[in-house]
$ cat final.tsv   # TSV, C-alpha atoms
chain	number	residue	atom	x	y	z
A	1363	MET	CA	3.85	30.94	15.73
A	1364	ALA	CA	3.78	30.03	12.07
A	1365	GLU	CA	2.59	26.49	12.48
A	1366	GLN	CA	-0.74	27.05	14.14
A	1367	ASN	CA	-3.78	28.97	13.00
A	1368	HIS	CA	-3.32	32.61	13.92
A	1369	GLU	CA	-6.99	33.16	14.00
A	1370	GLN	CA	-8.97	30.83	16.16
A	1371	LEU	CA	-11.61	28.78	14.44
A	1372	THR	CA	-15.09	29.56	15.60
A	1373	GLU	CA	-17.40	26.93	17.00
A	1374	SER	CA	-19.40	26.70	13.77
A	1375	GLN	CA	-16.27	26.53	11.58
A	1376	LEU	CA	-15.02	23.67	13.69
A	1377	LYS	CA	-18.34	21.93	13.44
A	1378	TYR	CA	-18.32	22.34	9.67
A	1379	LEU	CA	-14.78	20.91	9.39
A	1380	ARG	CA	-15.74	17.92	11.49
A	1381	MET	CA	-18.77	17.33	9.31
A	1382	GLU	CA	-16.67	17.52	6.14
A	1383	ARG	CA	-14.22	14.99	7.58
A	1384	THR	CA	-16.99	12.63	8.57
A	1385	LYS	CA	-18.35	12.90	5.07
A	1386	GLU	CA	-14.93	12.06	3.66
A	1387	MET	CA	-14.67	9.12	6.03
A	1388	ARG	CA	-17.96	7.78	4.70
A	1389	ILE	CA	-16.60	7.95	1.15
A	1390	GLN	CA	-13.48	6.15	2.28
A	1391	MET	CA	-15.57	3.41	3.86
A	1392	ILE	CA	-17.42	3.01	0.57
A	1393	SER	CA	-14.15	2.76	-1.35
A	1394	PHE	CA	-12.93	0.17	1.14
A	1395	GLY	CA	-16.12	-1.82	0.56
A	1396	LEU	CA	-15.52	-1.57	-3.18
A	1397	MET	CA	-11.94	-2.77	-2.80
A	1398	ILE	CA	-13.07	-5.83	-0.82
A	1399	PHE	CA	-15.74	-6.48	-3.43
A	1400	LEU	CA	-13.25	-6.20	-6.32
A	1401	THR	CA	-10.82	-8.52	-4.54
A	1402	PHE	CA	-13.59	-11.01	-3.97
A	1403	ILE	CA	-14.64	-10.94	-7.65
A	1404	ALA	CA	-11.03	-11.39	-8.79
A	1405	PHE	CA	-10.51	-14.42	-6.55
A	1406	ALA	CA	-13.90	-15.87	-7.47
A	1407	LEU	CA	-13.20	-15.57	-11.21
A	1408	VAL	CA	-9.97	-17.50	-10.81
A	1409	ALA	CA	-11.41	-20.07	-8.40
A	1410	LEU	CA	-14.33	-20.82	-10.75
A	1411	GLU	CA	-11.86	-21.85	-13.48
A	1412	ILE	CA	-13.44	-19.83	-16.25
A	1413	ASP	CA	-11.66	-19.49	-19.61
A	1414	LYS	CA	-8.15	-18.04	-19.18
A	1415	ASN	CA	-8.33	-15.52	-22.02
A	1416	PHE	CA	-11.46	-14.05	-20.48
A	1417	VAL	CA	-10.24	-13.96	-16.88
A	1418	ILE	CA	-6.71	-12.52	-17.31
A	1419	PRO	CA	-7.65	-9.08	-18.72
A	1420	ILE	CA	-10.54	-8.70	-16.26
A	1421	VAL	CA	-8.43	-9.58	-13.23
A	1422	ILE	CA	-5.68	-7.14	-14.30
A	1423	GLY	CA	-8.31	-4.45	-14.92
A	1424	LEU	CA	-9.75	-5.01	-11.44
A	1425	ALA	CA	-6.26	-4.60	-9.95
A	1426	PHE	CA	-5.79	-1.26	-11.69
A	1427	LEU	CA	-9.23	-0.11	-10.52
A	1428	GLN	CA	-8.40	-1.06	-6.94
A	1429	VAL	CA	-5.07	0.77	-7.11
A	1430	VAL	CA	-6.80	3.91	-8.41
A	1431	LEU	CA	-9.19	3.75	-5.41
A	1432	GLN	CA	-6.24	3.31	-3.08
A	1433	PHE	CA	-4.35	6.26	-4.55
A	1434	TYR	CA	-7.27	8.65	-4.92
A	1435	TYR	CA	-9.18	7.99	-1.73
A	1436	PHE	CA	-6.88	6.32	0.81
A	1437	MET	CA	-3.82	8.36	-0.17
A	1438	HIS	CA	-5.91	11.52	-0.72
A	1439	MET	CA	-4.73	12.04	-4.30
A	1440	LYS	CA	-8.15	13.46	-5.17
A	1441	ASP	CA	-7.51	16.43	-2.85
A	1442	LYS	CA	-6.02	19.72	-3.96
A	1443	GLY	CA	-2.26	20.10	-4.00
A	1444	HIS	CA	-1.50	16.62	-5.30
A	1445	GLU	CA	-0.35	17.66	-8.78
A	1446	PHE	CA	3.24	16.66	-8.08
A	1447	ALA	CA	2.16	13.36	-6.62
A	1448	LYS	CA	0.08	12.58	-9.69
A	1449	LEU	CA	2.91	13.49	-12.06
A	1450	PHE	CA	5.44	11.36	-10.19
A	1451	ILE	CA	3.18	8.34	-9.89
A	1452	LEU	CA	2.15	8.58	-13.54
A	1453	VAL	CA	5.80	8.64	-14.64
A	1454	GLY	CA	6.48	5.72	-12.31
A	1455	MET	CA	3.54	3.80	-13.78
A	1456	TYR	CA	4.75	4.57	-17.29
A	1457	PHE	CA	8.11	2.96	-16.58
A	1458	ALA	CA	6.43	0.11	-14.72
A	1459	ILE	CA	4.26	-0.81	-17.70
A	1460	ALA	CA	7.18	-0.29	-20.11
A	1461	PHE	CA	9.37	-2.71	-18.12
A	1462	VAL	CA	6.74	-5.40	-17.91
A	1463	VAL	CA	5.67	-5.16	-21.56
A	1464	CYS	CA	9.31	-5.12	-22.68
A	1465	PHE	CA	10.24	-8.25	-20.71
A	1466	ILE	CA	7.17	-10.18	-21.80
A	1467	MET	CA	7.86	-9.22	-25.41
A	1468	ILE	CA	11.50	-10.31	-25.30
A	1469	VAL	CA	11.10	-13.50	-23.33
A	1470	TRP	CA	7.69	-14.90	-24.22
A	1471	ILE	CA	6.58	-13.41	-27.51
A	1472	GLY	CA	9.91	-13.19	-29.30
A	1473	ASN	CA	10.82	-10.59	-31.86
A	1474	PRO	CA	7.56	-9.27	-33.24
A	1475	ILE	CA	9.04	-6.41	-35.27
B	633	MET	CA	12.36	27.75	14.33
B	634	ALA	CA	9.75	28.43	16.91
B	635	GLU	CA	9.17	25.84	19.57
B	636	ILE	CA	6.74	23.12	18.59
B	637	ARG	CA	3.50	23.17	20.50
B	638	TYR	CA	1.84	19.99	21.69
B	639	ASP	CA	-1.73	19.62	22.90
B	640	VAL	CA	-2.91	22.37	20.60
B	641	PRO	CA	-6.55	23.33	21.29
B	642	ASN	CA	-8.99	22.27	18.58
B	643	GLU	CA	-9.69	25.89	17.59
B	644	GLN	CA	-6.02	26.35	16.67
B	645	TRP	CA	-5.44	22.99	15.04
B	646	PRO	CA	-4.79	23.53	11.28
B	647	VAL	CA	-7.13	22.07	8.67
B	648	HIS	CA	-4.21	20.11	7.15
B	649	PRO	CA	-1.84	19.66	10.10
B	650	GLU	CA	0.49	17.41	8.08
B	651	LYS	CA	1.17	20.26	5.65
B	652	ALA	CA	1.16	23.14	8.14
B	653	THR	CA	4.95	23.38	8.35
B	654	LEU	CA	7.56	23.78	5.64
B	655	GLU	CA	9.07	20.50	6.83
B	656	GLY	CA	5.71	18.81	6.42
B	657	ARG	CA	5.26	20.13	2.89
B	658	ASN	CA	8.79	19.07	1.95
B	659	LYS	CA	8.17	15.62	3.37
B	660	PHE	CA	5.00	15.35	1.33
B	661	VAL	CA	6.64	16.15	-2.04
B	662	GLY	CA	9.79	14.20	-1.20
B	663	PHE	CA	7.86	11.14	-0.14
B	664	TRP	CA	5.73	11.02	-3.28
B	665	THR	CA	8.94	11.21	-5.32
B	666	PHE	CA	10.29	8.30	-3.32
B	667	LEU	CA	7.08	6.34	-3.96
B	668	ALA	CA	7.45	6.90	-7.71
B	669	GLY	CA	10.97	5.46	-7.46
B	670	GLU	CA	9.57	2.50	-5.53
B	671	THR	CA	7.03	1.93	-8.28
B	672	VAL	CA	9.88	1.54	-10.78
B	673	LEU	CA	11.82	-0.72	-8.40
B	674	PHE	CA	8.87	-3.07	-8.02
B	675	ALA	CA	8.15	-2.89	-11.75
B	676	SER	CA	11.60	-4.24	-12.53
B	677	LEU	CA	11.04	-7.09	-10.07
B	678	PHE	CA	7.61	-7.84	-11.56
B	679	ALA	CA	9.11	-7.87	-15.06
B	680	THR	CA	11.84	-10.26	-13.89
B	681	TYR	CA	9.28	-12.51	-12.25
B	682	LEU	CA	7.07	-12.61	-15.34
B	683	ALA	CA	10.08	-13.37	-17.55
B	684	LEU	CA	11.31	-16.21	-15.32
B	685	LYS	CA	7.96	-17.64	-14.20
B	686	ASP	CA	7.94	-21.45	-14.19
B	687	GLN	CA	11.51	-21.62	-15.51
B	688	VAL	CA	12.63	-24.66	-13.52
B	689	PRO	CA	15.59	-26.98	-14.13
B	690	SER	CA	13.71	-30.28	-14.14
B	691	GLN	CA	10.27	-31.87	-14.46
B	692	GLU	CA	10.24	-32.72	-10.74
B	693	HIS	CA	10.61	-29.12	-9.62
B	694	LEU	CA	7.28	-27.60	-8.59
B	695	VAL	CA	5.89	-24.69	-10.63
B	696	ALA	CA	3.53	-21.83	-9.73
B	697	ALA	CA	0.29	-23.74	-10.26
B	698	ASP	CA	1.43	-26.54	-7.88
B	699	LEU	CA	2.63	-24.20	-5.17
B	700	TYR	CA	0.21	-21.34	-4.67
B	701	HIS	CA	-2.82	-21.56	-2.42
B	702	LEU	CA	-5.60	-19.12	-3.25
B	703	GLU	CA	-7.07	-19.33	0.27
B	704	LEU	CA	-3.84	-18.19	1.89
B	705	ALA	CA	-3.36	-15.36	-0.61
B	706	PHE	CA	-6.96	-14.26	0.03
B	707	VAL	CA	-6.52	-14.15	3.80
B	708	MET	CA	-3.23	-12.25	3.42
B	709	THR	CA	-4.95	-9.75	1.11
B	710	MET	CA	-7.70	-9.19	3.65
B	711	PHE	CA	-5.16	-8.56	6.41
B	712	LEU	CA	-3.26	-5.98	4.39
B	713	LEU	CA	-6.35	-4.31	2.92
B	714	THR	CA	-7.92	-3.92	6.36
B	715	SER	CA	-4.67	-2.54	7.79
B	716	SER	CA	-4.76	0.05	5.02
B	717	LEU	CA	-8.22	1.12	6.21
B	718	THR	CA	-7.12	1.30	9.84
B	719	SER	CA	-4.27	3.64	8.90
B	720	VAL	CA	-6.86	5.81	7.13
B	721	PHE	CA	-8.70	5.92	10.47
B	722	ALA	CA	-5.46	6.98	12.18
B	723	VAL	CA	-4.99	9.88	9.76
B	724	TYR	CA	-8.66	10.86	10.20
B	725	HIS	CA	-8.21	11.14	13.97
B	726	MET	CA	-4.90	12.95	13.47
B	727	ARG	CA	-6.73	15.62	11.45
B	728	ASN	CA	-9.37	15.81	14.15
B	729	ASN	CA	-6.67	16.39	16.77
B	730	ASN	CA	-7.56	13.19	18.62
B	731	PHE	CA	-4.25	11.75	19.77
B	732	GLY	CA	-5.53	8.75	21.72
B	733	LYS	CA	-7.60	7.31	18.90
B	734	MET	CA	-4.83	7.96	16.40
B	735	GLN	CA	-2.43	5.88	18.50
B	736	LEU	CA	-5.04	3.15	18.90
B	737	TRP	CA	-5.63	2.81	15.14
B	738	LEU	CA	-1.90	2.90	14.42
B	739	GLY	CA	-1.53	0.05	16.90
B	740	ILE	CA	-4.26	-1.97	15.16
B	741	THR	CA	-2.52	-1.31	11.83
B	742	VAL	CA	0.71	-2.75	13.23
B	743	LEU	CA	-1.11	-5.83	14.55
B	744	LEU	CA	-2.77	-6.52	11.18
B	745	GLY	CA	0.53	-5.97	9.39
B	746	ALA	CA	2.24	-8.39	11.76
B	747	GLY	CA	-0.48	-10.95	11.01
B	748	PHE	CA	0.22	-10.55	7.31
B	749	LEU	CA	3.94	-10.97	7.86
B	750	ALA	CA	3.42	-14.11	9.96
B	751	LEU	CA	1.36	-15.68	7.16
B	752	GLU	CA	4.04	-14.78	4.62
B	753	ILE	CA	6.76	-16.39	6.74
B	754	TYR	CA	4.57	-19.48	7.10
B	755	GLU	CA	4.12	-19.56	3.32
B	756	PHE	CA	7.87	-19.30	2.66
B	757	VAL	CA	8.65	-22.05	5.19
B	758	GLU	CA	6.12	-24.36	3.50
B	759	TYR	CA	7.59	-23.68	0.06
B	760	VAL	CA	11.13	-24.35	1.25
B	761	LYS	CA	9.94	-27.68	2.68
B	762	LEU	CA	8.59	-28.52	-0.79
B	763	GLY	CA	11.96	-27.78	-2.38
B	764	HIS	CA	11.08	-24.37	-3.83
B	765	THR	CA	13.92	-22.19	-2.56
B	766	PHE	CA	15.79	-19.08	-3.61
B	767	ARG	CA	18.49	-21.19	-5.24
B	768	SER	CA	16.47	-24.10	-6.58
B	769	SER	CA	15.43	-22.42	-9.85
B	770	ALA	CA	15.35	-19.15	-11.75
B	771	PHE	CA	11.62	-19.11	-10.95
B	772	GLY	CA	12.43	-19.45	-7.24
B	773	SER	CA	14.94	-16.60	-7.31
B	774	ALA	CA	12.53	-14.25	-9.07
B	775	PHE	CA	9.63	-15.25	-6.79
B	776	TYR	CA	11.48	-14.79	-3.52
B	777	PHE	CA	13.11	-11.58	-4.67
B	778	LEU	CA	9.77	-10.00	-5.60
B	779	ILE	CA	7.72	-11.23	-2.63
B	780	GLY	CA	10.71	-10.86	-0.30
B	781	THR	CA	11.25	-7.23	-1.26
B	782	HIS	CA	7.59	-6.56	-0.52
B	783	GLY	CA	7.90	-8.46	2.77
B	784	PHE	CA	10.95	-6.38	3.63
B	785	HIS	CA	8.91	-3.23	3.03
B	786	VAL	CA	6.25	-4.59	5.40
B	787	ILE	CA	8.92	-5.16	8.07
B	788	VAL	CA	10.27	-1.62	7.59
B	789	GLY	CA	6.73	-0.21	7.78
B	790	LEU	CA	5.97	-2.15	10.98
B	791	ILE	CA	9.17	-0.95	12.67
B	792	TRP	CA	8.53	2.61	11.47
B	793	ILE	CA	4.96	2.81	12.78
B	794	THR	CA	5.86	1.04	16.04
B	795	LEU	CA	8.66	3.54	16.65
B	796	LEU	CA	6.27	6.41	15.90
B	797	ILE	CA	3.76	5.08	18.43
B	798	ILE	CA	6.44	4.69	21.12
B	799	ARG	CA	8.21	7.96	20.41
B	800	ASN	CA	5.00	9.99	20.39
B	801	ALA	CA	3.40	8.23	23.35
B	802	ASN	CA	4.56	10.83	25.85
B	803	ARG	CA	4.68	13.94	23.74
B	804	GLY	CA	1.35	13.82	21.93
B	805	LEU	CA	0.23	15.49	18.74
B	806	SER	CA	1.72	18.56	17.08
B	807	VAL	CA	2.08	19.73	13.47
B	808	TYR	CA	5.54	18.16	13.69
B	809	THR	CA	4.37	14.68	14.68
B	810	ALA	CA	1.30	14.90	12.42
B	811	ALA	CA	3.52	15.11	9.34
B	812	LYS	CA	5.41	12.02	10.50
B	813	VAL	CA	2.23	10.00	10.96
B	814	ASN	CA	0.95	11.09	7.56
B	815	THR	CA	4.17	10.02	5.81
B	816	ALA	CA	4.15	6.62	7.51
B	817	SER	CA	0.53	6.10	6.50
B	818	LEU	CA	1.31	6.96	2.85
B	819	TYR	CA	4.07	4.36	2.95
B	820	TRP	CA	1.72	1.78	4.39
B	821	HIS	CA	-0.87	2.43	1.66
B	822	PHE	CA	1.82	2.05	-0.95
B	823	ILE	CA	2.71	-1.39	0.46
B	824	ASP	CA	-0.92	-2.30	-0.08
B	825	VAL	CA	-0.83	-0.96	-3.66
B	826	VAL	CA	2.12	-3.22	-4.44
B	827	TRP	CA	0.36	-6.16	-2.82
B	828	VAL	CA	-2.70	-5.66	-5.05
B	829	PHE	CA	-0.47	-6.27	-8.06
B	830	ILE	CA	1.31	-9.17	-6.34
B	831	PHE	CA	-1.88	-11.04	-5.53
B	832	THR	CA	-3.19	-10.42	-9.04
B	833	ILE	CA	-0.10	-11.09	-11.15
B	834	VAL	CA	1.69	-13.63	-8.99
B	835	TYR	CA	-1.05	-15.58	-7.22
B	836	LEU	CA	-4.20	-15.24	-9.32
B	837	LEU	CA	-2.50	-15.51	-12.70
B	838	GLY	CA	-0.12	-18.10	-11.21
B	839	VAL	CA	-2.81	-20.68	-10.48
B	840	LEU	CA	-4.69	-20.14	-13.75

$ encode --input "final.tsv" --output "structure tokens"
Amino acid sequence: MAEQNHEQLTESQLKYLRMERTKEMRIQMISFGLMIFLTFIAFALVALEIDKNFVIPIVIGLAFLQVVLQFYYFMHMKDKGHEFAKLFILVGMYFAIAFVVCFIMIVWIGNPI
Amino acid sequence: MAEIRYDVPNEQWPVHPEKATLEGRNKFVGFWTFLAGETVLFASLFATYLALKDQVPSQEHLVAADLYHLELAFVMTMFLLTSSLTSVFAVYHMRNNNFGKMQLWLGITVLLGAGFLALEIYEFVEYVKLGHTFRSSAFGSAFYFLIGTHGFHVIVGLIWITLLIIRNANRGLSVYTAAKVNTASLYWHFIDVVWVFIFTIVYLLGVL
């Protein structure tokens, strides 16, 4: 049958795979810890009522960092065979940023050109 | 197509079970394309929200800074972020051919997601009591449309994963069901990605 391994994995191969997966899990736990940490910093910065112009870019930067962690580690984008996924998400992000910048320009900043 | 085998012994379980079949590989590419489309959908809603933020008809109508509670947004974020981790656990056990633990972690994911949804419903009810409704202002329309669309995605995700748990309960794990679980988990992570931007752009920048 096409869907299963034709050749059986040996005991040591299986052991190696398990070890690799455990290692990956450890990295995912670390990225989860980082995400919690980044969230905490973002909320703390806002709750401490520090200067707006300082907080806004940092908080947005933290969000992007957290999303990169989510995509690369939780959604396995760092693994092989994710070229299509990367292309699609990058194009999506391009439009996303274009929309937001465009609306803010038109509505809040006016006609800068 | 050959018959799908369940309860595959560990020695025969593929390294990437979710991509072992043509169907699985198609699902993978198709689903990432869908997620890119979703990114653009949410971007248009974010842009609308940012354009209409605090556009209210009168002085008495509440604006973002009066409405949002950081504590609630923080707890909701923790719920969704943790549920993202538990679905990572589910995929980990799926790759290790451990059906029981996979089902368990999917169940925990659903519970955390339901907790998030309950808090969101509570939040909406409180806002409506304060006079901030879908029709009360342009700000209200944009707010509920953005957060509501995300909430709708959470509902869809919860139903999806619950159905997967129930449907697979008796048949177990195969390369066929593994691809389904993987797709659902990608969707759930994406919901979390959108929420990261919501809590940052809507709630954090809203109370500033």

$ atom_distance --input "final.tsv" --atom1 "atom CA of B:Gln687" --atom2 "atom CA of B:Phe771"
5.2 Å

$ closest_residue --input "final.tsv" --among "B:Ala679, B:Val825, B:Ala801, B:Ala810" --to "B:Phe660" --atoms "only C-alpha atoms"
B:Ala810

$ closest_residue --input "final.tsv" --among "A:Arg1380, A:Val1421, A:Phe1461, A:Leu1371" --to "A:Ala1409" --atoms "all atoms listed in the file"
A:Val1421

$ residues_around --input "final.tsv" --residues "stretch 1389-1393 of chain A" --least-positions-apart "5" --cutoff "12 Å" --atoms "only C-alpha atoms" --output "number ranges by chain"
A: 1382-1384, 1398-1400, 1427-1438, 1440; B: 713-714, 716-721, 723-724

$ closest_residue --input "final.tsv" --among "B:Tyr808, B:Trp737, B:Phe706, B:Phe777" --to "B:Leu751" --atoms "all atoms listed in the file"
B:Phe706

$ interface_residues --input "final.tsv" --of "chain A" --to "chain B" --cutoff "8 Å" --atoms "all atoms listed in the file" --output "ChimeraX atom specification"
/A:1363-1373,1376,1379-1380,1383,1387,1394,1398,1404-1405,1408-1409,1411,1414,1418,1421-1422,1425,1428-1429,1432,1436-1437,1446-1447,1450-1451,1453-1455,1457-1459,1461-1463,1465-1466,1469-1470

$ axis_aligned_box --input "final.tsv" --around "stretch 1414-1427 of chain A" --padding-each-side "6 Å" --output "lines of an AutoDock Vina configuration file"
center_x = -8.6
center_y = -9.1
center_z = -16.0
size_x = 17.8
size_y = 29.9
size_z = 24.1

$ closest_residue --input "final.tsv" --among "B:Val742, B:Ala770, B:Gly763, B:Val757" --to "B:Ile787" --atoms "all atoms listed in the file"
B:Val742

$ atom_distance --input "final.tsv" --atom1 "atom CA of B:Ser768" --atom2 "atom CA of B:Leu712"
28.9 Å

$ atom_distance --input "final.tsv" --atom1 "atom CA of B:His785" --atom2 "atom CA of B:Leu749"
10.4 Å
